[in-house]
Amino acid sequence: MSGQKIAIVTGAGTGVGRAAALALMKAGYAVVLTGRRKEMLDAVAKEGAAAGGKTLVVPTDIADPAAIKALFAKTREAFGRLDVLFNNAGIGAPAMPLEDLPFEKWKAVVDTNLTGPFLCTQEAFRIMKNQTPRGGRIINNGSISAHTPRPQSVAYTSTKHAITGLTKQTALDGRPFDICCGQIDIGNAATPLTERMVQGAGVMQPDGSMKVEARMDADHVGNAVVYIAGLPLDTNVLFMTVMANGMPFVGRG
């Protein structure tokens with residue numbers, strides 16, 4: 001691969017993952033595209049190839065530990081190393097009162113949003129600690145929900161707060177091995193998951209009212225991921241917030 005850097009992007013088929021994967025390809029990375037829907041990954045690979053990007057499509061359910069091991073084994077087999085992991089894949093549960101959330105829904109969110117990134121981080125460590133040159137960078141998608149919850153979102157909010165702990169611990173434990181870890185907290189990127197924010201009356205606010213919320217282009221998140229990924233390994237962005245300026249997050253809105 002003669003100096004080309006290798007990145008894995010989870011949840012790469014749509015939204016923020018797609019934007020990050022395309023931005024990394026544009027910046028010269030070979031990108032391993034992973035997610036549950038192969039047809040979506042293939043579409044991103046085709047779009048990236050049209051611009052000269054190199055990809056490997058590996059459909060993976062991040063909630064499946066065996067599938068995660070296979071993903072990293074295929075990456076190492078194809079490229080021999082790993083420079084960047086973007087832990088982006090995530091799901092939510094239907095909005096409902098906390099006491100009504102079924103255990104199965106809670107567990108599905110925890111498995112995908114927290115256990116999956118942890119297992120991906122373990123596999124990335126195993127590669128990054130033992131490759132030459134040593135080290136690499138892990139970027140976690142924390143979300144604005146890593147700071148402030150939305151109403152009736154206990155599972156998503158809990159896992160995103162936990163990602164902050166995973167980020168800090170990974171940054172600390174990776175330090176002796178030139179492995180950096182940072183977190184990008186994203187607010188209202190314009191993706192299929194946020195369409196509900198601009199439809200009808202919008203989304204519920206903490207006071208029970210409904211409001212249409214401002215969104216931003218997901219490409220700005222992709223560019224931020226490229227910035228963080230491109231830093232030398234003696235420099236880290238521990239936390240970065242990229243948000244729609246008009247969204248109700250800062251202050252009492």
# chains A, B, ... in the order shown; residues from 1 in each chain; ligands from 1

$ residues_around --residues "segment 76-82 of chain A" --least-positions-apart "2" --cutoff "9 Å" --atoms "only C-alpha atoms" --output "list in words"
Met1, Lys5, Ile6, Ala7, Ile8, Ala30, Leu56, Leu71, Phe72, Ala73, Lys74, Val84, Leu85, Ala124, Ile127, Met128, Gln131, Thr132, Gly135, Gly136 and Arg137 of chain A

$ select_by_dssp --residues "segment 59-193 of chain A" --states "alpha helix (DSSP H)" --output "MDAnalysis selection string"
chainID A and resid 65:79 103:110 116:128 154:174

$ atom_distance --atom1 "atom CA of Ala95 of chain A" --atom2 "atom CA of Gln152 of chain A"
5.1 Å

$ select_by_dssp --residues "segment 47-80 of chain A" --states "strand (DSSP E)" --output "JSON, numbers by chain"
{"A": [54, 55, 56, 57]}

$ write_last_selection --atoms "N, CA and C atoms" --output "CSV table (one decimal), in the first residue's frame"
chain,number,residue,atom,x,y,z
A,54,LYS,N,-10.2,4.3,-3.0
A,54,LYS,CA,-10.1,2.8,-2.9
A,54,LYS,C,-10.9,2.4,-1.7
A,55,THR,N,-11.7,1.3,-1.8
A,55,THR,CA,-12.5,0.8,-0.7
A,55,THR,C,-12.5,-0.7,-0.6
A,56,LEU,N,-12.9,-1.2,0.5
A,56,LEU,CA,-13.2,-2.6,0.7
A,56,LEU,C,-14.6,-2.6,1.4
A,57,VAL,N,-15.5,-3.3,0.9
A,57,VAL,CA,-16.9,-3.4,1.5
A,57,VAL,C,-17.0,-4.7,2.3

$ closest_atom_pairs --of "segment 167-225 of chain A" --to "segment 145-151 of chain A" --cutoff "10 Å" --atoms "only C-alpha atoms" --output "CSV"
residue,atom,partner,partner_atom,distance
A:Gln183,CA,A:Ala146,CA,9.9
A:Ile184,CA,A:Ala146,CA,9.9
A:Asp185,CA,A:Ala146,CA,7.2
A:Ile186,CA,A:Ser145,CA,8.6
A:Gly187,CA,A:Ser145,CA,8.4
A:Val203,CA,A:Arg150,CA,9.5
A:Met204,CA,A:Pro151,CA,6.9
A:Gln205,CA,A:Pro151,CA,6.9
A:Pro206,CA,A:Pro151,CA,5.9
A:Asp207,CA,A:Pro151,CA,9.0
A:Gly208,CA,A:Pro151,CA,8.3

$ write_last_selection --atoms "C-alpha atoms" --output "PDB file, in the first residue's frame"
ATOM      1  CA  GLN A 183     -14.793  12.061  20.175  1.00  0.00           C
ATOM      2  CA  ILE A 184     -16.866  14.082  17.741  1.00  0.00           C
ATOM      3  CA  ASP A 185     -20.228  15.176  19.108  1.00  0.00           C
ATOM      4  CA  ILE A 186     -22.639  15.859  16.274  1.00  0.00           C
ATOM      5  CA  GLY A 187     -25.762  17.971  16.485  1.00  0.00           C
ATOM      6  CA  VAL A 203     -39.608  17.059  17.534  1.00  0.00           C
ATOM      7  CA  MET A 204     -40.455  17.187  21.219  1.00  0.00           C
ATOM      8  CA  GLN A 205     -38.680  19.738  23.414  1.00  0.00           C
ATOM      9  CA  PRO A 206     -38.004  19.402  27.165  1.00  0.00           C
ATOM     10  CA  ASP A 207     -41.099  21.468  28.027  1.00  0.00           C
ATOM     11  CA  GLY A 208     -43.308  19.108  26.016  1.00  0.00           C
TER      12      GLY A 208
END

$ residues_around --residues "Leu233 of chain A" --least-positions-apart "3" --cutoff "12 Å" --atoms "only C-alpha atoms" --output "PyMOL selection string"
chain A and resi 83-84+128+133-138+171+174-182+228-230+236-237

$ residues_around --residues "Thr159 of chain A" --least-positions-apart "3" --cutoff "12 Å" --atoms "only C-alpha atoms" --output "VMD selection string"
chain A and resid 90 to 93 106 to 118 141 to 147 149 153 to 156 162 to 166
